[in-house]
$ cat target-v9.pdb   # PDB, C-alpha atoms, pLDDT in the B column
MODEL        1
ATOM      1  CA  MET T   1     -38.613 129.161-127.487  1.00 90.00           C
ATOM      2  CA  ILE T   2     -35.607 129.441-125.190  1.00 93.00           C
ATOM      3  CA  TRP T   3     -33.516 127.376-127.617  1.00 95.00           C
ATOM      4  CA  PHE T   4     -34.166 129.870-130.416  1.00 94.00           C
ATOM      5  CA  ILE T   5     -33.042 132.693-128.166  1.00 96.00           C
ATOM      6  CA  ILE T   6     -29.846 130.835-127.185  1.00 95.00           C
ATOM      7  CA  ILE T   7     -29.018 129.930-130.794  1.00 95.00           C
ATOM      8  CA  GLY T   8     -29.780 133.462-132.016  1.00 94.00           C
ATOM      9  CA  MET T   9     -27.596 135.020-129.314  1.00 95.00           C
ATOM     10  CA  SER T  10     -24.724 132.660-130.114  1.00 94.00           C
ATOM     11  CA  ILE T  11     -24.916 133.491-133.831  1.00 93.00           C
ATOM     12  CA  VAL T  12     -25.013 137.232-133.141  1.00 93.00           C
ATOM     13  CA  THR T  13     -21.999 136.884-130.846  1.00 93.00           C
ATOM     14  CA  MET T  14     -20.068 134.626-133.208  1.00 91.00           C
ATOM     15  CA  LEU T  15     -20.467 136.621-136.432  1.00 90.00           C
ATOM     16  CA  PRO T  16     -18.447 139.702-135.417  1.00 88.00           C
ATOM     17  CA  ARG T  17     -15.630 137.400-134.321  1.00 87.00           C
ATOM     18  CA  VAL T  18     -15.559 135.087-137.341  1.00 87.00           C
ATOM     19  CA  ILE T  19     -16.150 137.507-140.216  1.00 86.00           C
ATOM     20  CA  PRO T  20     -12.947 139.563-139.661  1.00 82.00           C
ATOM     21  CA  ALA T  21     -10.881 136.370-139.745  1.00 81.00           C
ATOM     22  CA  PHE T  22     -11.966 135.797-143.340  1.00 83.00           C
ATOM     23  CA  ILE T  23     -11.852 139.431-144.463  1.00 82.00           C
ATOM     24  CA  VAL T  24      -8.494 140.552-143.039  1.00 75.00           C
ATOM     25  CA  ASP T  25      -6.505 138.018-145.087  1.00 76.00           C
ATOM     26  CA  LYS T  26      -7.810 139.512-148.320  1.00 81.00           C
ATOM     27  CA  LEU T  27      -7.153 143.169-147.410  1.00 80.00           C
ATOM     28  CA  GLN T  28      -3.874 145.028-147.846  1.00 84.00           C
ATOM     29  CA  PHE T  29      -3.435 147.786-145.288  1.00 84.00           C
ATOM     30  CA  LYS T  30      -1.074 150.733-145.473  1.00 89.00           C
ATOM     31  CA  ASP T  31       2.052 150.624-143.316  1.00 91.00           C
ATOM     32  CA  TRP T  32       0.751 153.121-140.770  1.00 92.00           C
ATOM     33  CA  VAL T  33      -2.435 151.050-140.309  1.00 88.00           C
ATOM     34  CA  ASN T  34      -0.374 147.903-139.719  1.00 86.00           C
ATOM     35  CA  ARG T  35       1.765 149.700-137.130  1.00 89.00           C
ATOM     36  CA  TRP T  36      -1.371 150.971-135.418  1.00 89.00           C
ATOM     37  CA  LEU T  37      -2.965 147.506-135.398  1.00 83.00           C
ATOM     38  CA  ASN T  38       0.228 145.966-134.025  1.00 85.00           C
ATOM     39  CA  ALA T  39       0.149 148.416-131.095  1.00 86.00           C
ATOM     40  CA  ILE T  40      -3.363 147.476-129.970  1.00 86.00           C
ATOM     41  CA  PRO T  41      -2.384 144.409-127.868  1.00 85.00           C
ATOM     42  CA  TYR T  42       0.171 146.462-125.911  1.00 81.00           C
ATOM     43  CA  ALA T  43      -2.303 149.270-125.305  1.00 84.00           C
ATOM     44  CA  ALA T  44      -4.965 146.807-124.141  1.00 86.00           C
ATOM     45  CA  LEU T  45      -2.482 145.081-121.844  1.00 83.00           C
ATOM     46  CA  GLY T  46      -1.489 148.417-120.344  1.00 84.00           C
ATOM     47  CA  ALA T  47      -5.120 149.357-119.817  1.00 88.00           C
ATOM     48  CA  LEU T  48      -5.723 146.069-118.007  1.00 87.00           C
ATOM     49  CA  ILE T  49      -2.598 146.174-115.839  1.00 88.00           C
ATOM     50  CA  PHE T  50      -2.314 149.848-114.822  1.00 89.00           C
ATOM     51  CA  PRO T  51      -5.469 150.023-112.625  1.00 91.00           C
ATOM     52  CA  GLY T  52      -4.245 146.958-110.751  1.00 89.00           C
ATOM     53  CA  VAL T  53      -0.868 148.579-110.223  1.00 90.00           C
ATOM     54  CA  MET T  54      -2.496 151.642-108.696  1.00 89.00           C
ATOM     55  CA  THR T  55      -4.707 149.622-106.335  1.00 89.00           C
ATOM     56  CA  VAL T  56      -2.064 147.341-104.798  1.00 87.00           C
ATOM     57  CA  ASN T  57      -2.254 149.513-101.708  1.00 85.00           C
ATOM     58  CA  PRO T  58      -4.781 152.325-102.201  1.00 86.00           C
ATOM     59  CA  ASP T  59      -3.236 154.408 -99.400  1.00 89.00           C
ATOM     60  CA  LYS T  60       0.267 154.109-100.894  1.00 89.00           C
ATOM     61  CA  PRO T  61       0.099 153.947-104.711  1.00 89.00           C
ATOM     62  CA  HIS T  62       3.883 154.379-104.963  1.00 91.00           C
ATOM     63  CA  ILE T  63       4.285 150.747-103.846  1.00 92.00           C
ATOM     64  CA  GLY T  64       2.439 149.489-106.916  1.00 92.00           C
ATOM     65  CA  LEU T  65       4.342 151.884-109.159  1.00 93.00           C
ATOM     66  CA  PHE T  66       7.646 150.643-107.744  1.00 94.00           C
ATOM     67  CA  GLY T  67       6.587 147.033-108.382  1.00 93.00           C
ATOM     68  CA  ALA T  68       5.681 147.941-111.967  1.00 94.00           C
ATOM     69  CA  LEU T  69       9.033 149.702-112.398  1.00 95.00           C
ATOM     70  CA  VAL T  70      10.863 146.618-111.133  1.00 96.00           C
ATOM     71  CA  ALA T  71       8.903 144.474-113.597  1.00 94.00           C
ATOM     72  CA  VAL T  72       9.730 146.819-116.489  1.00 94.00           C
ATOM     73  CA  VAL T  73      13.438 146.845-115.629  1.00 96.00           C
ATOM     74  CA  LEU T  74      13.592 143.066-115.266  1.00 96.00           C
ATOM     75  CA  ALA T  75      11.737 142.598-118.550  1.00 94.00           C
ATOM     76  CA  TYR T  76      14.029 145.087-120.285  1.00 94.00           C
ATOM     77  CA  ILE T  77      17.053 143.118-119.078  1.00 95.00           C
ATOM     78  CA  GLY T  78      15.532 140.116-120.816  1.00 93.00           C
ATOM     79  CA  LEU T  79      14.639 137.838-117.921  1.00 93.00           C
ATOM     80  CA  ASN T  80      12.037 135.132-118.241  1.00 94.00           C
ATOM     81  CA  VAL T  81       8.447 136.190-117.533  1.00 92.00           C
ATOM     82  CA  ILE T  82       8.344 134.048-114.390  1.00 95.00           C
ATOM     83  CA  PHE T  83      11.337 135.911-112.943  1.00 95.00           C
ATOM     84  CA  VAL T  84       9.807 139.260-113.870  1.00 94.00           C
ATOM     85  CA  VAL T  85       6.580 138.395-112.047  1.00 94.00           C
ATOM     86  CA  ILE T  86       8.444 137.004-109.024  1.00 96.00           C
ATOM     87  CA  GLY T  87      10.652 140.106-108.880  1.00 95.00           C
ATOM     88  CA  ALA T  88       7.661 142.431-108.974  1.00 94.00           C
ATOM     89  CA  ILE T  89       5.806 140.430-106.330  1.00 94.00           C
ATOM     90  CA  LEU T  90       8.881 140.300-104.118  1.00 95.00           C
ATOM     91  CA  SER T  91       9.482 144.044-104.383  1.00 95.00           C
ATOM     92  CA  VAL T  92       5.869 144.838-103.500  1.00 94.00           C
ATOM     93  CA  PHE T  93       5.963 142.352-100.631  1.00 94.00           C
ATOM     94  CA  LEU T  94       9.149 143.882 -99.216  1.00 94.00           C
ATOM     95  CA  LEU T  95       7.799 147.432 -99.464  1.00 92.00           C
ATOM     96  CA  THR T  96       4.507 146.427 -97.874  1.00 90.00           C
ATOM     97  CA  THR T  97       6.173 144.502 -95.064  1.00 89.00           C
ATOM     98  CA  PHE T  98       8.794 147.083 -94.078  1.00 83.00           C
TER      99      PHE T  98
ENDMDL
END
$ encode --input "target-v9.pdb" --output "structure tokens"
Amino acid sequence: MIWFIIIGMSIVTMLPRVIPAFIVDKLQFKDWVNRWLNAIPYAALGALIFPGVMTVNPDKPHIGLFGALVAVVLAYIGLNVIFVVIGAILSVFLLTTF
């Protein structure tokens, strides 16, 4: 009985993920829909990162905001992702230490 439950749950979980992969290739979206769909990964990334930025030091949220600002500036300059992360970590470390 447990095997039927496991197989049924895996099928129900897999279908919503697999079906769009076959359907999206055949559909032609308008330009505004494509722009909206292209923005979703950035919005999701922002939603995942921003709460962490605000909780670096709950008593001093400006430290996390400064680290995020350093990361944005370094990324805008065009540095490698590793250097952006190291710069943000270093800035937060220096503000927390001093």
$ closest_residue --input "target-v9.pdb" --among "T:Leu37, T:Val18, T:Met9, T:Val72" --to "Gly87 (chain T)" --atoms "all atoms listed in the file"
T:Val72
$ residues_around --input "target-v9.pdb" --residues "region 42-56 of chain T" --least-positions-apart "2" --cutoff "10 Å" --atoms "all atoms listed in the file" --output "ChimeraX atom specification"
/T:38-40,58-68,92,96
$ atom_distance --input "target-v9.pdb" --atom1 "CA of Val84 (chain T)" --atom2 "CA of Leu69 (chain T)"
10.6 Å
$ build_atoms --input "target-v9.pdb" --residues "region 32-43 of chain T" --atoms "all heavy atoms" --output "PDB file, in the frame of the given file"
ATOM      1  N   TRP T  32       1.111 152.469-142.025  1.00 92.00           N
ATOM      2  CA  TRP T  32       0.751 153.121-140.770  1.00 92.00           C
ATOM      3  C   TRP T  32      -0.424 152.398-140.095  1.00 92.00           C
ATOM      4  O   TRP T  32      -0.510 152.363-138.872  1.00 92.00           O
ATOM      5  CB  TRP T  32       0.451 154.603-140.975  1.00 92.00           C
ATOM      6  CG  TRP T  32      -0.794 154.895-141.766  1.00 92.00           C
ATOM      7  CD1 TRP T  32      -0.887 155.044-143.105  1.00 92.00           C
ATOM      8  CD2 TRP T  32      -2.113 155.064-141.251  1.00 92.00           C
ATOM      9  NE1 TRP T  32      -2.182 155.297-143.474  1.00 92.00           N
ATOM     10  CE2 TRP T  32      -2.958 155.317-142.345  1.00 92.00           C
ATOM     11  CE3 TRP T  32      -2.663 155.031-139.982  1.00 92.00           C
ATOM     12  CZ2 TRP T  32      -4.316 155.526-142.194  1.00 92.00           C
ATOM     13  CZ3 TRP T  32      -4.025 155.247-139.845  1.00 92.00           C
ATOM     14  CH2 TRP T  32      -4.839 155.495-140.938  1.00 92.00           C
ATOM     15  N   VAL T  33      -1.322 151.808-140.882  1.00 88.00           N
ATOM     16  CA  VAL T  33      -2.435 151.050-140.309  1.00 88.00           C
ATOM     17  C   VAL T  33      -1.911 149.774-139.664  1.00 88.00           C
ATOM     18  O   VAL T  33      -2.338 149.396-138.568  1.00 88.00           O
ATOM     19  CB  VAL T  33      -3.500 150.733-141.388  1.00 88.00           C
ATOM     20  CG1 VAL T  33      -4.593 149.847-140.831  1.00 88.00           C
ATOM     21  CG2 VAL T  33      -4.085 152.002-141.954  1.00 88.00           C
ATOM     22  N   ASN T  34      -0.960 149.108-140.302  1.00 86.00           N
ATOM     23  CA  ASN T  34      -0.374 147.903-139.719  1.00 86.00           C
ATOM     24  C   ASN T  34       0.349 148.213-138.416  1.00 86.00           C
ATOM     25  O   ASN T  34       0.249 147.445-137.457  1.00 86.00           O
ATOM     26  CB  ASN T  34       0.579 147.239-140.714  1.00 86.00           C
ATOM     27  CG  ASN T  34      -0.160 146.492-141.786  1.00 86.00           C
ATOM     28  OD1 ASN T  34      -1.254 145.993-141.560  1.00 86.00           O
ATOM     29  ND2 ASN T  34       0.432 146.416-142.966  1.00 86.00           N
ATOM     30  N   ARG T  35       1.086 149.327-138.376  1.00 89.00           N
ATOM     31  CA  ARG T  35       1.765 149.700-137.130  1.00 89.00           C
ATOM     32  C   ARG T  35       0.756 149.992-136.031  1.00 89.00           C
ATOM     33  O   ARG T  35       0.952 149.608-134.870  1.00 89.00           O
ATOM     34  CB  ARG T  35       2.653 150.922-137.369  1.00 89.00           C
ATOM     35  CG  ARG T  35       3.923 150.609-138.116  1.00 89.00           C
ATOM     36  CD  ARG T  35       4.908 151.763-138.040  1.00 89.00           C
ATOM     37  NE  ARG T  35       4.337 153.060-138.386  1.00 89.00           N
ATOM     38  CZ  ARG T  35       4.323 153.584-139.604  1.00 89.00           C
ATOM     39  NH1 ARG T  35       4.883 152.941-140.613  1.00 89.00           N
ATOM     40  NH2 ARG T  35       3.791 154.766-139.822  1.00 89.00           N
ATOM     41  N   TRP T  36      -0.335 150.664-136.399  1.00 89.00           N
ATOM     42  CA  TRP T  36      -1.371 150.971-135.418  1.00 89.00           C
ATOM     43  C   TRP T  36      -2.036 149.694-134.903  1.00 89.00           C
ATOM     44  O   TRP T  36      -2.258 149.542-133.709  1.00 89.00           O
ATOM     45  CB  TRP T  36      -2.393 151.904-136.066  1.00 89.00           C
ATOM     46  CG  TRP T  36      -3.496 152.316-135.155  1.00 89.00           C
ATOM     47  CD1 TRP T  36      -3.417 153.215-134.146  1.00 89.00           C
ATOM     48  CD2 TRP T  36      -4.835 151.826-135.161  1.00 89.00           C
ATOM     49  NE1 TRP T  36      -4.641 153.327-133.523  1.00 89.00           N
ATOM     50  CE2 TRP T  36      -5.520 152.477-134.133  1.00 89.00           C
ATOM     51  CE3 TRP T  36      -5.521 150.898-135.940  1.00 89.00           C
ATOM     52  CZ2 TRP T  36      -6.848 152.242-133.854  1.00 89.00           C
ATOM     53  CZ3 TRP T  36      -6.855 150.668-135.659  1.00 89.00           C
ATOM     54  CH2 TRP T  36      -7.505 151.335-134.632  1.00 89.00           C
ATOM     55  N   LEU T  37      -2.340 148.759-135.805  1.00 83.00           N
ATOM     56  CA  LEU T  37      -2.965 147.506-135.398  1.00 83.00           C
ATOM     57  C   LEU T  37      -2.028 146.658-134.548  1.00 83.00           C
ATOM     58  O   LEU T  37      -2.472 145.950-133.641  1.00 83.00           O
ATOM     59  CB  LEU T  37      -3.414 146.715-136.630  1.00 83.00           C
ATOM     60  CG  LEU T  37      -4.609 147.285-137.388  1.00 83.00           C
ATOM     61  CD1 LEU T  37      -4.835 146.516-138.682  1.00 83.00           C
ATOM     62  CD2 LEU T  37      -5.854 147.253-136.531  1.00 83.00           C
ATOM     63  N   ASN T  38      -0.725 146.720-134.831  1.00 85.00           N
ATOM     64  CA  ASN T  38       0.228 145.966-134.025  1.00 85.00           C
ATOM     65  C   ASN T  38       0.367 146.532-132.620  1.00 85.00           C
ATOM     66  O   ASN T  38       0.789 145.826-131.705  1.00 85.00           O
ATOM     67  CB  ASN T  38       1.599 145.935-134.704  1.00 85.00           C
ATOM     68  CG  ASN T  38       1.609 145.004-135.885  1.00 85.00           C
ATOM     69  OD1 ASN T  38       0.846 144.052-135.941  1.00 85.00           O
ATOM     70  ND2 ASN T  38       2.482 145.284-136.841  1.00 85.00           N
ATOM     71  N   ALA T  39       0.037 147.797-132.409  1.00 86.00           N
ATOM     72  CA  ALA T  39       0.149 148.416-131.095  1.00 86.00           C
ATOM     73  C   ALA T  39      -1.062 148.142-130.206  1.00 86.00           C
ATOM     74  O   ALA T  39      -0.985 148.355-128.990  1.00 86.00           O
ATOM     75  CB  ALA T  39       0.338 149.919-131.236  1.00 86.00           C
ATOM     76  N   ILE T  40      -2.143 147.677-130.753  1.00 86.00           N
ATOM     77  CA  ILE T  40      -3.363 147.476-129.970  1.00 86.00           C
ATOM     78  C   ILE T  40      -3.176 146.480-128.822  1.00 86.00           C
ATOM     79  O   ILE T  40      -3.606 146.758-127.703  1.00 86.00           O
ATOM     80  CB  ILE T  40      -4.542 147.073-130.882  1.00 86.00           C
ATOM     81  CG1 ILE T  40      -4.954 148.273-131.721  1.00 86.00           C
ATOM     82  CG2 ILE T  40      -5.732 146.570-130.070  1.00 86.00           C
ATOM     83  CD1 ILE T  40      -6.022 147.978-132.735  1.00 86.00           C
ATOM     84  N   PRO T  41      -2.531 145.322-129.016  1.00 85.00           N
ATOM     85  CA  PRO T  41      -2.384 144.409-127.868  1.00 85.00           C
ATOM     86  C   PRO T  41      -1.615 145.031-126.702  1.00 85.00           C
ATOM     87  O   PRO T  41      -1.965 144.808-125.547  1.00 85.00           O
ATOM     88  CB  PRO T  41      -1.622 143.221-128.450  1.00 85.00           C
ATOM     89  CG  PRO T  41      -1.902 143.257-129.900  1.00 85.00           C
ATOM     90  CD  PRO T  41      -2.051 144.707-130.247  1.00 85.00           C
ATOM     91  N   TYR T  42      -0.590 145.833-126.982  1.00 81.00           N
ATOM     92  CA  TYR T  42       0.171 146.462-125.911  1.00 81.00           C
ATOM     93  C   TYR T  42      -0.663 147.508-125.185  1.00 81.00           C
ATOM     94  O   TYR T  42      -0.596 147.630-123.957  1.00 81.00           O
ATOM     95  CB  TYR T  42       1.450 147.091-126.469  1.00 81.00           C
ATOM     96  CG  TYR T  42       2.336 146.071-127.134  1.00 81.00           C
ATOM     97  CD1 TYR T  42       2.517 146.079-128.510  1.00 81.00           C
ATOM     98  CD2 TYR T  42       2.965 145.097-126.387  1.00 81.00           C
ATOM     99  CE1 TYR T  42       3.318 145.140-129.122  1.00 81.00           C
ATOM    100  CE2 TYR T  42       3.773 144.154-126.988  1.00 81.00           C
ATOM    101  CZ  TYR T  42       3.950 144.178-128.360  1.00 81.00           C
ATOM    102  OH  TYR T  42       4.728 143.245-128.963  1.00 81.00           O
ATOM    103  N   ALA T  43      -1.448 148.262-125.927  1.00 84.00           N
ATOM    104  CA  ALA T  43      -2.303 149.270-125.305  1.00 84.00           C
ATOM    105  C   ALA T  43      -3.372 148.603-124.439  1.00 84.00           C
ATOM    106  O   ALA T  43      -3.664 149.072-123.331  1.00 84.00           O
ATOM    107  CB  ALA T  43      -2.949 150.134-126.377  1.00 84.00           C
TER     108      ALA T  43
END
